[in-house]
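Right, one structure below, let's go through it.
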Amino acid sequence: MQDTTILWADDEIDLLRPHIMLLNEKGYEVKTVTNGNDALEEFKKGHYNLVFLDENMPGLTGLETLAEIKNINPDVPIVLITKNEEEHLMEDAIGSKIDDYLIKPVNPKQVLLTIKKFTENKRLISEKTSMAYQQDFRNLGMTLNDHLSFAEWVDVYKKLVFWELSLEKLEDEGMHEILTMQKAEANVQFSKFIEKNYLGWLKTPEEGPVMSHQILKKKLFPSLESNKPTFFILIDNLRYDQWKVMNSIISEYFRVDEEDTYYSILPTATQYARNALFAGLMPLDMEKRFPTMWQNDEDEGGKNLFEEQFLGDHIQRVLRRDVKHSYTKVLTFEQGKEVVENLNNLMSNELNVIVYNFVDMLSHARTDMAMIRELANDEAAYRSLTLSWFEHSPLLDALKKLAQKNIKLVITTDHGTIKVKHASKVIGDRNTNTNLRYKQGKNLNFAAKEVFHIKNPHEALLPKLHVSSSFIFAKEDMYFVYPNNYNQFVNYYNETFQHGGISLEEMIVPYVTYTPR
């Protein structure tokens with residue numbers, strides 16, 4: 001507070017001496033002038049944290065002085081002091097980017113509160129946020145030692161994301177470090193939870209959470225209305241925290257009807273999780289029902305080429321009626337623009353499914369491109385990059401158009417990603433798949449404590465490539481590397497965003513329903 005300097009311009013400054021003396025006693029340094037020209041000269045010479053301007057001064061008026069000061073430094077808060085409460089003046093002041101205004105006669109408490117709001121707000125918020133997290137840290141710590149249900153794990157993850165987004169704005173490295181450690185501990189316990197319960201959920205689905213292959217049947221199909229189109233937008237690889245930052249923009253145009261989550265199946269990879277979502281079947285059942293369409297890890301060609309057919313079959317199987325629907329996959333900016341131009345033609349459909357692959361491309365690009373790697377060097381930057389894409393994407397243009405129509409909107413994903421930090425050595429034959437978070441193969445050799453090993457893939461309702469094939473899934477923030485090129489793998493993949501394994505970030509994903517405002 002000792003460093004807070006204030007510039008106060010008023011042609012009746014002598015009448016304000018008691019206010020200025022009080023501010024001096026409180027530790028603020030106040031420079032006073034009696035007109036706009038002097039205010040500009042002083043502002044150019046010194047460093048000021050806040051400016052008070054009288055609206056009605058001889059020479060340059062308060063608004064004219066305001067405009068000049070904003071040209072010099074637009075970031076310094078300016079408070080207009082006026083006797084005039086006329087609407088047009090307030091509109092002019094707001095249009096000139098005023099930060100606040102006070103009505104004469106001002107009292108010392110008003111002035112003090114205004115100063116605190118602009119000069120100490122960040123510190124006060126930081127202190128309160130840090131204190132609140134410290135209290136919640138203990139509660140979360142005790143919670144992690146409980147035997148949590150799948151629903152309670154969702155609550156834990158949402159709370160961790162809440163604190164991650166709250167603390168992100170604070171310049172408190174200590175708090176960030178504590179939260180990072182707590183998230184890591186949560187993933188340790190969550191991995192144990194999944195290892196213990198996952199196969200049981202597949203045997204008795206009524207005892208488990210809604211999962212990839214159940215989400216359309218349980219959530220989407222029952223909400224369809226023949227007289228109101230539903231737009232189901234799946235943004236590939238979208239984590240809950242990324243959705244939260246995007247939602248701040250979406251909420252300008254849509255109201256959230258229901259914020260829900262579901263659990264992605266294992267592997268948390270597009271080939272498995274998204275195919276299961278559209279087909280309403282686990283991969284083993286898909287292999288049986290669609291022998292010519294299901295692609296295993298060893299098969300050549302794209303692994304998500306038949307989502308439209310899977311969706312059509314799913315609708316007929318569950319709803320047993322014709323549902324006029326569309327399926328669109330967006331891989332490029334140009335394809336996104338085509339969707340915007342074609343929206344009116346989709347309004348006669350009961351269901352429109354749009355798959356956006358951008359976030360998936362972004363996460364892989366972060367691995368492959370040096371520039372993206374620099375731009376998304378931590379969790380906050382990764383969220384920021386996602387938000388920046390969304391703000392300038394055809395997807396937002398499409399949502400703005402849809403907000404003007406009588407529709408339902410669903411935004412979801414197929415799985416999330418986690419930033420990997422610890423290498424786990426694995427040995428497999430040359431047919432072992434390349435994913436860094438799960439491996440399928442014969443005679444896999446691995447560190448047992450670092451993986452969830454499913455000896456018989458059929459128990460996890462996954463296809464079995466060979467009689468002796470098994471699956472291993474990386475837990476927490478592990479990623480698989482081969483011993484013969486260990487250093488090369490670590491240098492290339494460490495601290496990149498990957499998916500396919502077990503973590504809160506990959507498995508607990510958003511499913512959000514909206515209506516236009």
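FYI, nothing fancy with the structure tokens labels: chains A, B, ... in order, residues from 1 per chain, ligands from 1 as they appear.
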### Task
Using only C-alpha atoms, determine which residues lie at most 10 Å from Pro105 (chain A), disregarding the query and same-chain residues fewer than 5 positions distant; provide the list as a list in words.
Leu16, Ile81, Thr82 and Lys83 of chain A
Pull N, CA and C atoms from the residues just selected and write them as a compact mmCIF listing (two decimals), in the first residue's frame.
```
# COMPACT_ATOMS: atom_id res chain seq x y z
N LEU A 16 -11.09 19.60 -0.75
CA LEU A 16 -10.92 18.15 -0.56
C LEU A 16 -9.73 17.82 0.34
N ILE A 81 -15.46 12.01 -11.00
CA ILE A 81 -16.24 12.57 -9.89
C ILE A 81 -17.13 13.67 -10.46
N THR A 82 -18.43 13.57 -10.26
CA THR A 82 -19.37 14.48 -10.92
C THR A 82 -20.55 14.84 -10.03
N LYS A 83 -21.11 16.03 -10.31
CA LYS A 83 -22.37 16.42 -9.67
C LYS A 83 -23.54 16.00 -10.56
```
### Message
Using DSSP secondary structure from the backbone, list all helix (DSSP H, G or I) positions within region 249-350 of chain A, as a VMD selection string.
### Response
chain A and resid 249 to 250 270 to 279 283 to 289 307 to 319 333 to 346
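Distances to Thr268 (chain A) were evaluated for A:Ser212, A:Asn443, A:Asn139, A:Asn456 using only C-alpha atoms, and the minimum falls at A:Ser212.
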### Message
Can you pull out the residues contacting Pro77 (chain A)? Cut-off 8 Å, using only C-alpha atoms, and skip same-chain residues under 2 positions away; I want them as a list of chain:residue names.
### Response
A:Asn49, A:Leu50, A:Val51, A:Pro74, A:Asp75, A:Val79, A:Ile98, A:Asp99, A:Phe118
### Task
Please indicate the distance in Å from CA of Asp3 (chain A) to CA of Asp172 (chain A), rounded to one decimal place.
20.4 Å
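Once Thr386 (chain A) and its same-chain neighbours fewer than 2 positions away are set aside, Gln242, Val245, Met246, Val359, Leu362, Ala381, Tyr382, Arg383, Ser384, Ser388, Trp389, Phe390 and Glu391 of chain A remain within 9 Å of it when counting only C-alpha atoms.
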#### Entry: Selection near Glu259 (chain A), 10 Å with only C-alpha atoms, sequence-local residues under 4 positions removed, as a ChimeraX atom specification
/A:410-411,510-514
### Query
Looking only at the backbone, which of the residues in region 369-514 of chain A does DSSP tag as strand (DSSP E), as a PyMOL selection string?
chain A and resi 408-412+418-419+422-427+438-442+445-446+451-454+469-474+478-481+497-498+508-514
Okay, now the selection with N, CA and C atoms, as a short mmCIF file (atom, residue, chain, number, x, y, z; two decimals), in the first residue's frame?
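Generated output (again_3.cif):
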```
data_model
loop_
_atom_site.label_atom_id
_atom_site.label_comp_id
_atom_site.auth_asym_id
_atom_site.auth_seq_id
_atom_site.Cartn_x
_atom_site.Cartn_y
_atom_site.Cartn_z
N LYS A 408 -32.25 -27.61 -29.20
CA LYS A 408 -31.52 -28.10 -28.03
C LYS A 408 -30.07 -28.28 -28.44
N LEU A 409 -29.18 -28.06 -27.49
CA LEU A 409 -27.75 -28.21 -27.77
C LEU A 409 -27.13 -29.13 -26.72
N VAL A 410 -26.33 -30.07 -27.18
CA VAL A 410 -25.54 -30.91 -26.28
C VAL A 410 -24.08 -30.77 -26.67
N ILE A 411 -23.22 -30.51 -25.70
CA ILE A 411 -21.78 -30.49 -25.96
C ILE A 411 -21.13 -31.55 -25.07
N THR A 412 -20.34 -32.39 -25.69
CA THR A 412 -19.68 -33.47 -24.94
C THR A 412 -18.37 -33.83 -25.64
N ILE A 418 -4.17 -36.29 -20.38
CA ILE A 418 -3.39 -35.96 -19.19
C ILE A 418 -1.96 -35.60 -19.62
N LYS A 419 -1.36 -34.69 -18.89
CA LYS A 419 0.03 -34.32 -19.16
C LYS A 419 0.92 -35.39 -18.52
N HIS A 422 6.00 -39.21 -16.15
CA HIS A 422 6.86 -40.29 -15.67
C HIS A 422 6.86 -41.45 -16.66
N ALA A 423 8.05 -41.81 -17.11
CA ALA A 423 8.19 -42.89 -18.08
C ALA A 423 8.09 -44.25 -17.40
N SER A 424 7.42 -45.18 -18.08
CA SER A 424 7.27 -46.55 -17.58
C SER A 424 7.75 -47.50 -18.68
N LYS A 425 8.76 -48.30 -18.35
CA LYS A 425 9.36 -49.17 -19.38
C LYS A 425 8.46 -50.36 -19.69
N VAL A 426 8.33 -50.65 -20.98
CA VAL A 426 7.55 -51.81 -21.42
C VAL A 426 8.28 -52.47 -22.58
N ILE A 427 8.16 -53.80 -22.65
CA ILE A 427 8.74 -54.55 -23.77
C ILE A 427 7.60 -55.31 -24.44
N TYR A 438 -1.69 -46.93 -23.48
CA TYR A 438 -2.14 -48.32 -23.36
C TYR A 438 -1.40 -49.16 -24.40
N LYS A 439 -1.23 -50.43 -24.07
CA LYS A 439 -0.59 -51.36 -24.99
C LYS A 439 -1.42 -52.63 -25.07
N GLN A 440 -1.51 -53.16 -26.29
CA GLN A 440 -2.15 -54.46 -26.51
C GLN A 440 -1.15 -55.33 -27.26
N GLY A 441 -0.88 -56.50 -26.71
CA GLY A 441 0.08 -57.35 -27.40
C GLY A 441 0.31 -58.67 -26.68
N LYS A 442 1.19 -59.47 -27.26
CA LYS A 442 1.54 -60.78 -26.68
C LYS A 442 2.80 -60.61 -25.83
N ASN A 445 6.00 -57.18 -21.31
CA ASN A 445 6.82 -57.15 -20.09
C ASN A 445 6.78 -55.72 -19.54
N PHE A 446 6.42 -55.56 -18.28
CA PHE A 446 6.15 -54.22 -17.74
C PHE A 446 6.33 -54.20 -16.23
N VAL A 451 0.87 -50.20 -13.94
CA VAL A 451 -0.15 -50.44 -14.96
C VAL A 451 -1.37 -51.14 -14.36
N PHE A 452 -2.49 -51.04 -15.08
CA PHE A 452 -3.65 -51.87 -14.85
C PHE A 452 -3.60 -52.94 -15.93
N HIS A 453 -3.36 -54.18 -15.51
CA HIS A 453 -3.16 -55.28 -16.46
C HIS A 453 -4.45 -56.07 -16.58
N ILE A 454 -4.95 -56.18 -17.81
CA ILE A 454 -6.12 -57.03 -18.06
C ILE A 454 -5.65 -58.21 -18.90
N SER A 469 -3.00 -62.48 -26.18
CA SER A 469 -3.01 -61.02 -26.09
C SER A 469 -3.53 -60.54 -24.75
N SER A 470 -2.95 -59.44 -24.27
CA SER A 470 -3.48 -58.79 -23.07
C SER A 470 -3.37 -57.27 -23.26
N PHE A 471 -4.03 -56.55 -22.37
CA PHE A 471 -3.98 -55.08 -22.39
C PHE A 471 -3.30 -54.59 -21.11
N ILE A 472 -2.52 -53.53 -21.24
CA ILE A 472 -2.05 -52.81 -20.06
C ILE A 472 -2.40 -51.33 -20.26
N PHE A 473 -2.79 -50.69 -19.16
CA PHE A 473 -3.16 -49.28 -19.18
C PHE A 473 -2.26 -48.51 -18.22
N ALA A 474 -1.70 -47.41 -18.70
CA ALA A 474 -0.86 -46.57 -17.85
C ALA A 474 -1.74 -45.87 -16.82
N MET A 478 1.79 -41.68 -16.03
CA MET A 478 2.81 -42.51 -16.66
C MET A 478 2.63 -42.52 -18.19
N TYR A 479 3.71 -42.83 -18.89
CA TYR A 479 3.62 -43.10 -20.33
C TYR A 479 4.64 -44.18 -20.66
N PHE A 480 4.29 -45.02 -21.63
CA PHE A 480 5.09 -46.20 -21.93
C PHE A 480 6.25 -45.86 -22.87
N VAL A 481 7.43 -46.38 -22.55
CA VAL A 481 8.61 -46.21 -23.41
C VAL A 481 9.31 -47.56 -23.54
N PHE A 497 0.69 -33.99 -23.78
CA PHE A 497 -0.67 -34.41 -23.41
C PHE A 497 -1.03 -35.67 -24.18
N GLN A 498 -1.37 -36.73 -23.45
CA GLN A 498 -1.65 -38.03 -24.06
C GLN A 498 -2.96 -38.59 -23.49
N ILE A 508 -13.21 -38.93 -16.69
CA ILE A 508 -14.42 -38.20 -16.27
C ILE A 508 -14.57 -36.99 -17.19
N VAL A 509 -15.58 -37.08 -18.06
CA VAL A 509 -15.70 -36.08 -19.13
C VAL A 509 -17.08 -35.42 -19.13
N PRO A 510 -17.17 -34.19 -19.67
CA PRO A 510 -18.42 -33.42 -19.59
C PRO A 510 -19.49 -33.88 -20.58
N TYR A 511 -20.75 -33.76 -20.14
CA TYR A 511 -21.91 -33.94 -21.01
C TYR A 511 -22.89 -32.86 -20.60
N VAL A 512 -23.01 -31.81 -21.42
CA VAL A 512 -23.74 -30.61 -21.00
C VAL A 512 -24.86 -30.29 -21.99
N THR A 513 -26.05 -30.04 -21.44
CA THR A 513 -27.23 -29.74 -22.25
C THR A 513 -27.59 -28.27 -22.11
N TYR A 514 -27.87 -27.62 -23.24
CA TYR A 514 -28.17 -26.18 -23.27
C TYR A 514 -29.47 -25.89 -24.01
#
```
### CA of Gly36 (chain A) to CA of Asn73 (chain A), distance in Å rounded to a single decimal
15.7 Å
Could you pull the residues within 12 Å of Ser503 (chain A), counting only C-alpha atoms, minus those fewer than 6 positions along the same chain, as a CSV table (one decimal) with N, CA and C atoms, in the first residue's frame?
```csv
chain,number,residue,atom,x,y,z
A,153,TRP,N,-16.2,-39.5,-6.8
A,153,TRP,CA,-15.0,-39.2,-7.5
A,153,TRP,C,-15.2,-38.0,-8.5
A,154,VAL,N,-16.4,-38.0,-9.1
A,154,VAL,CA,-16.8,-36.9,-10.0
A,154,VAL,C,-16.7,-35.6,-9.2
A,157,TYR,N,-13.1,-34.5,-8.5
A,157,TYR,CA,-12.5,-34.0,-9.7
A,157,TYR,C,-13.0,-32.6,-10.0
A,183,LYS,N,-3.5,-33.1,-6.9
A,183,LYS,CA,-4.1,-33.7,-8.1
A,183,LYS,C,-3.4,-35.0,-8.4
A,184,ALA,N,-2.1,-35.1,-8.2
A,184,ALA,CA,-1.3,-36.3,-8.4
A,184,ALA,C,-1.7,-37.4,-7.5
A,185,GLU,N,-1.9,-37.0,-6.2
A,185,GLU,CA,-2.4,-38.0,-5.2
A,185,GLU,C,-3.8,-38.5,-5.5
A,186,ALA,N,-4.6,-37.6,-6.0
A,186,ALA,CA,-6.0,-38.0,-6.3
A,186,ALA,C,-5.9,-39.0,-7.5
A,187,ASN,N,-5.1,-38.8,-8.4
A,187,ASN,CA,-5.0,-39.8,-9.5
A,187,ASN,C,-4.4,-41.1,-9.1
A,188,VAL,N,-3.5,-41.1,-8.1
A,188,VAL,CA,-3.0,-42.3,-7.5
A,188,VAL,C,-4.2,-43.2,-7.0
A,189,GLN,N,-5.0,-42.5,-6.2
A,189,GLN,CA,-6.2,-43.2,-5.5
A,189,GLN,C,-7.3,-43.5,-6.6
A,190,PHE,N,-7.5,-42.6,-7.6
A,190,PHE,CA,-8.5,-42.9,-8.6
A,190,PHE,C,-8.1,-44.1,-9.4
A,191,SER,N,-6.8,-44.2,-9.7
A,191,SER,CA,-6.3,-45.4,-10.5
A,191,SER,C,-6.6,-46.7,-9.7
A,192,LYS,N,-6.3,-46.7,-8.4
A,192,LYS,CA,-6.6,-47.9,-7.6
A,192,LYS,C,-8.1,-48.2,-7.6
A,193,PHE,N,-8.9,-47.1,-7.6
A,193,PHE,CA,-10.4,-47.3,-7.6
A,193,PHE,C,-10.8,-47.9,-8.9
A,194,ILE,N,-10.3,-47.4,-10.1
A,194,ILE,CA,-10.7,-48.0,-11.4
A,194,ILE,C,-10.2,-49.4,-11.5
A,195,GLU,N,-9.0,-49.7,-11.0
A,195,GLU,CA,-8.4,-51.1,-11.1
A,195,GLU,C,-9.3,-52.0,-10.3
A,239,ARG,N,-11.3,-32.0,-22.3
A,239,ARG,CA,-11.3,-32.3,-20.8
A,239,ARG,C,-12.4,-31.4,-20.2
A,263,TYR,N,-18.3,-41.5,-17.6
A,263,TYR,CA,-17.0,-42.1,-17.6
A,263,TYR,C,-16.7,-42.7,-19.0
A,264,SER,N,-15.5,-42.3,-19.5
A,264,SER,CA,-15.0,-42.9,-20.7
A,264,SER,C,-14.6,-44.4,-20.5
A,265,ILE,N,-14.8,-45.3,-21.5
A,265,ILE,CA,-14.4,-46.6,-21.3
A,265,ILE,C,-12.8,-46.7,-21.5
A,266,LEU,N,-12.3,-47.8,-21.2
A,266,LEU,CA,-10.8,-48.1,-21.5
A,266,LEU,C,-10.7,-48.9,-22.8
A,267,PRO,N,-9.7,-48.6,-23.6
A,267,PRO,CA,-8.8,-47.5,-23.6
A,267,PRO,C,-9.5,-46.2,-23.8
A,268,THR,N,-9.0,-45.1,-23.2
A,268,THR,CA,-9.6,-43.8,-23.4
A,268,THR,C,-8.9,-43.2,-24.6
A,415,HIS,N,-13.3,-38.5,-24.6
A,415,HIS,CA,-12.3,-38.8,-23.5
A,415,HIS,C,-11.5,-37.5,-23.4
A,416,GLY,N,-10.7,-37.4,-22.3
A,416,GLY,CA,-9.8,-36.3,-22.1
A,416,GLY,C,-8.4,-36.7,-22.3
A,417,THR,N,-7.5,-35.8,-21.8
A,417,THR,CA,-6.0,-36.1,-21.9
A,417,THR,C,-5.4,-35.8,-20.6
A,418,ILE,N,-4.2,-36.3,-20.4
A,418,ILE,CA,-3.4,-36.0,-19.2
A,418,ILE,C,-2.0,-35.6,-19.6
A,419,LYS,N,-1.4,-34.7,-18.9
A,419,LYS,CA,0.0,-34.3,-19.2
A,419,LYS,C,0.9,-35.4,-18.5
A,420,VAL,N,1.7,-36.1,-19.3
A,420,VAL,CA,2.4,-37.2,-18.8
A,420,VAL,C,3.8,-36.8,-18.4
A,437,ARG,N,-0.3,-44.6,-23.8
A,437,ARG,CA,-1.0,-44.8,-22.5
A,437,ARG,C,-1.7,-46.2,-22.4
A,451,VAL,N,0.9,-50.2,-13.9
A,451,VAL,CA,-0.2,-50.4,-15.0
A,451,VAL,C,-1.4,-51.1,-14.4
A,452,PHE,N,-2.5,-51.0,-15.1
A,452,PHE,CA,-3.7,-51.9,-14.8
A,452,PHE,C,-3.6,-52.9,-15.9
A,473,PHE,N,-2.8,-50.7,-19.2
A,473,PHE,CA,-3.2,-49.3,-19.2
A,473,PHE,C,-2.3,-48.5,-18.2
A,474,ALA,N,-1.7,-47.4,-18.7
A,474,ALA,CA,-0.9,-46.6,-17.8
A,474,ALA,C,-1.7,-45.9,-16.8
A,475,LYS,N,-1.3,-45.8,-15.6
A,475,LYS,CA,-2.0,-45.2,-14.5
A,475,LYS,C,-1.4,-43.8,-14.2
A,476,GLU,N,-2.2,-42.9,-13.6
A,476,GLU,CA,-1.7,-41.6,-13.2
A,476,GLU,C,-1.1,-40.9,-14.4
A,477,ASP,N,0.2,-40.3,-14.2
A,477,ASP,CA,0.7,-39.6,-15.3
A,477,ASP,C,1.9,-40.3,-16.0
A,478,MET,N,1.8,-41.7,-16.0
A,478,MET,CA,2.8,-42.5,-16.7
A,478,MET,C,2.6,-42.5,-18.2
A,479,TYR,N,3.7,-42.8,-18.9
A,479,TYR,CA,3.6,-43.1,-20.3
A,479,TYR,C,4.6,-44.2,-20.7
A,509,VAL,N,-15.6,-37.1,-18.1
A,509,VAL,CA,-15.7,-36.1,-19.1
A,509,VAL,C,-17.1,-35.4,-19.1
```
### Query
Within 12 Å of Leu281 (chain A), counting only C-alpha atoms, which residues qualify if same-chain residues fewer than 2 places away don't, as a PyMOL selection string?
chain A and resi 202+211-217+265+272-279+283-290+294+310-311+313-314+317-318+461-462
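For the residues A:Gly27, A:Gly208, A:Gly141, A:Pro222, ranking by smallest atom-to-atom distance to Gln182 (chain A) using only C-alpha atoms places A:Gly141 first.
For the residues A:Asp10, A:Asp260, A:Glu25, A:Asp236, ranking by smallest atom-to-atom distance to Lys329 (chain A) using only C-alpha atoms places A:Asp236 first.
A straight line drawn from CA of Leu444 (chain A) to CA of Gly428 (chain A) is 4.9 Å long.
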### Message
Just checking: using only C-alpha atoms, which residue out of A:Ala269, A:Glu68, A:Gly280, A:Glu168 ends up closest to Lys219 (chain A)?
### Response
A:Gly280
